[in-house]
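Participant: Provided below: entry.cif, containing mmCIF, C-alpha atoms.
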data_target
#
loop_
_atom_site.label_atom_id
_atom_site.label_comp_id
_atom_site.auth_asym_id
_atom_site.auth_seq_id
_atom_site.Cartn_x
_atom_site.Cartn_y
_atom_site.Cartn_z
CA MET A 1093 2.11 18.90 -22.40
CA ILE A 1094 1.72 22.35 -20.87
CA GLU A 1095 -0.90 23.18 -23.48
CA TYR A 1096 -2.95 20.12 -22.44
CA PHE A 1097 -2.83 21.18 -18.79
CA GLU A 1098 -3.92 24.73 -19.59
CA GLN A 1099 -6.90 23.51 -21.61
CA ILE A 1100 -8.57 21.62 -18.76
CA THR A 1101 -10.66 23.27 -16.06
CA GLN A 1102 -9.17 24.73 -12.88
CA GLU A 1103 -10.85 22.00 -10.87
CA GLU A 1104 -9.19 19.30 -12.99
CA GLN A 1105 -5.85 21.10 -12.73
CA ASP A 1106 -6.13 21.08 -8.94
CA MET A 1107 -7.06 17.38 -8.95
CA LEU A 1108 -4.10 16.52 -11.19
CA THR A 1109 -1.75 18.42 -8.88
CA GLU A 1110 -3.07 16.44 -5.93
CA VAL A 1111 -2.72 13.17 -7.85
CA ILE A 1112 0.91 13.93 -8.71
CA ARG A 1113 1.72 14.76 -5.08
CA THR A 1114 0.09 11.55 -3.89
CA LEU A 1115 1.97 9.41 -6.41
CA PHE A 1116 5.31 10.92 -5.37
CA PHE A 1117 4.39 10.42 -1.69
CA GLN A 1118 3.27 6.78 -1.76
CA THR A 1119 3.91 5.63 -5.38
CA TYR A 1120 0.41 4.27 -6.06
CA LEU A 1121 -3.32 5.00 -6.16
CA LEU A 1122 -6.08 2.57 -5.30
CA GLU A 1123 -9.21 2.35 -7.41
CA ARG A 1124 -11.35 1.50 -4.38
CA ARG A 1125 -10.98 1.91 -0.63
CA TYR A 1126 -13.09 0.71 2.27
CA ASP A 1127 -15.53 3.28 3.65
CA ARG A 1128 -16.35 2.48 7.27
CA ARG A 1129 -19.46 4.69 7.21
CA THR A 1130 -21.12 2.62 4.50
CA GLY A 1131 -19.31 -0.65 5.20
CA ARG A 1132 -18.51 -0.95 1.49
CA MET A 1133 -15.66 -0.46 -0.94
CA GLN A 1134 -15.97 2.97 -2.57
CA TYR A 1135 -14.35 4.31 -5.73
CA VAL A 1136 -11.53 6.83 -5.19
CA LYS A 1137 -11.83 10.07 -7.15
CA GLU A 1138 -8.04 10.50 -7.43
CA TYR A 1139 -7.80 7.16 -9.23
CA ARG A 1140 -10.50 8.20 -11.70
CA THR A 1141 -8.70 11.50 -12.34
CA CYS A 1142 -5.41 9.69 -12.91
CA SER A 1143 -6.99 7.14 -15.25
CA LYS A 1144 -8.74 9.89 -17.22
CA HIS A 1145 -5.50 11.84 -17.76
CA LEU A 1146 -3.20 8.81 -17.80
CA GLU A 1147 -1.40 9.62 -21.05
CA PHE A 1148 -0.61 13.17 -19.90
CA LEU A 1149 0.65 11.93 -16.54
CA GLN A 1150 2.77 9.25 -18.17
CA GLU A 1151 4.51 11.91 -20.23
CA TYR A 1152 4.94 14.08 -17.12
CA PHE A 1153 6.62 11.35 -15.07
CA ALA A 1154 8.69 10.13 -18.04
CA ILE A 1155 10.66 13.39 -17.89
CA ALA A 1156 12.01 12.25 -14.52
CA GLY A 1157 12.67 8.73 -15.79
CA ILE A 1158 9.63 7.34 -13.95
CA ALA A 1159 7.10 4.99 -15.54
CA LEU A 1160 3.42 5.34 -14.65
CA LYS A 1161 1.43 2.12 -15.11
CA GLU A 1162 -2.13 1.00 -14.58
CA ASN A 1163 -3.17 -2.48 -13.53
CA ALA A 1164 -6.91 -2.42 -14.17
CA HIS A 1165 -7.42 -5.97 -12.89
CA MET A 1166 -5.91 -5.19 -9.49
CA GLY A 1167 -7.27 -1.65 -9.42
CA VAL A 1168 -3.90 0.04 -8.90
CA ILE A 1169 -2.07 2.82 -10.72
CA TYR A 1170 1.59 2.98 -9.72
CA ILE A 1171 4.94 4.50 -10.59
CA GLN A 1172 8.28 2.75 -11.12
CA GLY A 1173 11.82 4.05 -11.40
CA GLY A 1174 13.61 6.99 -9.88
CA GLN A 1175 14.11 7.40 -6.15
CA VAL A 1176 10.55 6.99 -4.90
CA TRP A 1177 9.10 6.20 -1.50
CA ALA A 1178 11.91 5.44 0.89
CA LYS A 1179 10.17 5.46 4.27
CA LYS A 1180 11.48 4.42 7.66
CA LEU A 1181 9.52 1.75 9.47
CA SER A 1182 10.03 0.32 12.91
CA ARG A 1183 11.15 -3.30 13.20
CA LEU A 1184 7.56 -4.33 13.94
CA GLY A 1185 6.28 -2.25 11.01
CA THR A 1186 8.72 -3.96 8.66
CA ILE A 1187 7.77 -7.41 9.96
CA TYR A 1188 4.06 -6.69 9.63
CA LEU A 1189 4.49 -5.36 6.10
CA LEU A 1190 6.38 -8.44 4.95
CA VAL A 1191 3.97 -10.82 6.68
CA LEU A 1192 0.98 -9.03 5.14
CA LYS A 1193 2.48 -9.57 1.70
CA LEU A 1194 2.85 -13.30 2.40
CA ILE A 1195 -0.74 -13.58 3.63
CA TYR A 1196 -1.98 -11.66 0.58
CA ASP A 1197 -0.11 -13.93 -1.83
CA GLU A 1198 -1.32 -17.09 -0.07
CA GLN A 1199 -4.97 -16.06 -0.16
CA MET A 1200 -4.78 -14.85 -3.76
CA ALA A 1201 -3.24 -18.20 -4.71
CA ALA A 1202 -6.31 -19.85 -3.21
CA VAL A 1203 -8.31 -18.56 -6.21
CA SER A 1204 -9.68 -15.49 -4.48
CA SER A 1205 -12.39 -13.70 -6.45
CA SER A 1206 -11.38 -10.31 -5.04
CA SER A 1207 -8.20 -8.25 -5.26
CA HIS A 1208 -8.77 -7.22 -1.63
CA ILE A 1209 -7.92 -9.75 1.07
CA VAL A 1210 -9.24 -9.78 4.63
CA THR A 1211 -7.16 -11.18 7.49
CA THR A 1212 -6.97 -10.65 11.26
CA LEU A 1213 -4.39 -9.14 13.57
CA GLY A 1214 -4.09 -12.53 15.22
CA ALA A 1215 -3.27 -14.16 11.89
CA ILE A 1216 -0.56 -11.54 11.26
CA ASN A 1217 1.05 -12.15 14.65
CA GLY A 1218 0.68 -15.89 14.14
CA LYS A 1219 2.45 -15.79 10.77
CA ALA A 1220 5.24 -13.69 12.30
CA GLY A 1221 5.49 -16.31 15.04
CA GLU A 1222 5.99 -19.05 12.44
CA PHE A 1223 9.15 -17.26 11.33
CA ARG A 1224 10.22 -16.65 14.96
CA VAL A 1225 10.75 -12.94 14.34
CA LEU A 1226 8.75 -11.85 17.39
CA LYS A 1227 10.19 -12.77 20.76
CA SER A 1228 6.85 -11.99 22.38
CA LEU A 1229 3.48 -10.56 21.45
CA PRO A 1230 3.85 -6.79 20.83
CA SER A 1231 2.09 -4.43 23.19
CA VAL A 1232 -1.32 -3.10 22.17
CA THR A 1233 0.24 0.37 21.83
CA GLU A 1234 2.93 -0.96 19.45
CA MET A 1235 0.35 -2.80 17.35
CA ARG A 1236 -1.94 0.22 17.15
CA ARG A 1237 0.91 2.50 16.12
CA THR A 1238 2.09 0.06 13.46
CA VAL A 1239 -1.37 -0.58 12.02
CA ALA A 1240 -2.06 3.18 11.97
CA LEU A 1241 1.13 3.81 9.97
CA LEU A 1242 0.39 1.10 7.39
CA LYS A 1243 -3.16 2.46 7.14
CA LYS A 1244 -1.73 5.94 6.50
CA TYR A 1245 0.11 4.61 3.44
CA GLN A 1246 -3.06 2.77 2.31
CA MET A 1247 -1.48 -0.66 2.54
CA ILE A 1248 -4.22 -1.88 4.86
CA GLU A 1249 -7.56 -0.84 6.34
CA PRO A 1250 -8.66 -2.06 9.80
CA LEU A 1251 -12.40 -2.77 9.85
CA GLU A 1252 -12.70 -1.88 13.53
CA ALA A 1253 -11.60 1.23 15.41
CA LEU A 1254 -7.95 1.24 16.50
CA GLU A 1255 -9.05 1.90 20.08
CA GLU A 1256 -10.84 -1.46 20.07
CA MET A 1257 -8.00 -3.42 18.48
CA ASN A 1258 -7.47 -7.03 19.52
CA GLU A 1259 -6.45 -10.36 17.98
CA GLN A 1260 -9.84 -10.65 16.26
CA THR A 1261 -9.57 -7.25 14.57
CA ARG A 1262 -10.21 -7.72 10.84
CA ILE A 1263 -7.86 -6.00 8.40
CA ILE A 1264 -8.25 -5.46 4.65
CA ILE A 1265 -5.00 -5.91 2.71
CA TYR A 1266 -5.05 -3.70 -0.36
CA PRO A 1267 -3.50 -4.90 -3.68
CA CYS A 1268 -0.78 -2.24 -3.41
CA ILE A 1269 0.88 -4.63 -0.95
CA ASN A 1270 2.57 -5.77 -4.18
CA ALA A 1271 4.75 -2.70 -3.64
CA VAL A 1272 7.00 -4.82 -1.44
CA LEU A 1273 9.29 -7.71 -2.25
CA LEU A 1274 8.36 -11.00 -3.86
CA GLY A 1275 7.37 -13.95 -1.69
CA ASP A 1276 10.69 -15.85 -1.76
CA GLU A 1277 12.66 -12.68 -1.03
CA ILE A 1278 10.37 -11.90 1.90
CA ARG A 1279 10.91 -15.33 3.44
CA GLU A 1280 14.67 -14.86 3.17
CA LEU A 1281 14.47 -11.44 4.80
CA LEU A 1282 12.22 -12.70 7.62
CA ALA A 1283 14.72 -15.49 8.21
CA THR A 1284 17.46 -12.92 8.80
CA PHE A 1285 15.21 -11.13 11.30
CA GLY A 1286 14.96 -14.34 13.27
CA GLU A 1287 18.72 -14.96 13.14
CA GLU A 1288 19.84 -11.47 14.14
CA ASP A 1289 18.93 -10.64 17.73
CA ASN A 1290 20.49 -7.19 17.37
CA PHE A 1291 18.65 -6.24 14.18
CA GLY A 1292 18.22 -2.46 14.07
CA ASP A 1293 15.19 -0.83 15.63
CA GLU A 1294 14.48 1.11 12.45
CA THR A 1295 14.46 -0.16 8.88
CA VAL A 1296 14.10 1.61 5.56
CA ILE A 1297 11.63 0.05 3.14
CA GLN A 1298 11.81 1.40 -0.39
CA SER A 1299 9.12 0.78 -2.95
CA ALA A 1300 10.01 -2.08 -5.27
CA ILE A 1301 6.80 -2.59 -7.21
CA GLU A 1302 7.15 -5.46 -9.62
CA ASP A 1303 5.46 -5.50 -13.00
CA MET A 1304 2.03 -6.85 -12.17
CA PRO A 1305 0.14 -8.86 -14.78
CA GLU A 1306 -2.43 -6.81 -16.66
#
Take the structure in this file and express it as structure tokens.
Facilitator:
Amino acid sequence: MIEYFEQITQEEQDMLTEVIRTLFFQTYLLERRYDRRTGRMQYVKEYRTCSKHLEFLQEYFAIAGIALKENAHMGVIYIQGGQVWAKKLSRLGTIYLLVLKLIYDEQMAAVSSSSHIVTTLGAINGKAGEFRVLKSLPSVTEMRRTVALLKKYQMIEPLEALEEMNEQTRIIIYPCINAVLLGDEIRELLATFGEEDNFGDETVIQSAIEDMPE
């Protein structure tokens, strides 16, 4: 394995190092991300690097008991196993993340031709309202902070600037939203949010990527 690494160029070595750091940080890589400058989905160089050296990286992560898998259909390379990605989210962040997963599943079930789903901030708040997990509409500051955090972890991509955010703001849901729980489990968890008025202000969400169909 070390011999393979030493045989590639310095540039490729640096790219592989960056890919490994990213996978440990957020557990997945997207094949394409939205580029606001061009208004189009653009290929991500880290994904290409990972796909090119996939066998080497699989052996690397296997040492730590972590499986590295590629779902070419969804355009996601992800890791499973080990203690990976345990991040603290606010209550609103947790609610948004779970609701986004439900919206993604619903639209994909409607025979979507794309692995990327577009929704609106209003639809997210509306879905949360259906489960009665929001006592009132969050402040603009809270919504901006939450959307910015989920954008940081490449779960979503707002199509408008955060400073201009409103109920009509369009949001891309990336396929890595599959990193959270399954639909039925999400509904059960959201139900507990609605039942518990004193639910903690901060919640830990740990990656639980399911085996996605190839």
Participant: Any chance you could resolve the PyMOL selection byres ((chain A and resi 1145) around 12) against this file and give the residues as a PyMOL selection string?
Facilitator: chain A and resi 1093+1096-1097+1100+1104-1105+1107-1109+1111-1112+1138-1144+1146-1152+1160+1162+1169
Participant: Which residues, written as a ChimeraX atom specification, have at least one atom at most 12 Å from Ala1164 in chain A, with only C-alpha atoms counted and residues fewer than 4 positions away on the same chain left out?
Facilitator: /A:1121-1124,1139-1140,1143,1168-1170,1207,1267,1304-1306
Participant: What do you get, as a PyMOL selection string, if you spell out every residue that the PyMOL selection byres ((chain A and resi 1266) around 8) selects here?
Facilitator: chain A and resi 1207-1209+1246-1249+1264-1265+1267-1269
Participant: Out of A:Arg1125, A:Ala1202, A:Gly1218, A:Ser1182, which residue has the shortest atom-to-atom distance to Val1239 in chain A when counting all atoms listed in the file?
Facilitator: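 Looking at the shortest contact to Val1239 in chain A, the residue is A:Ser1182.
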Participant: From the options A:Tyr1120, A:Tyr1188, A:Phe1153, A:Tyr1126, which residue's atoms come nearest to Val1225 in chain A, counting only C-alpha atoms?
Facilitator: A:Tyr1188
Participant: Ranking A:Asn1270, A:Tyr1135, A:Gly1185, A:Thr1261 by minimum distance to Asn1163 in chain A and counting all atoms listed in the file, which one comes first?
Facilitator: A:Asn1270
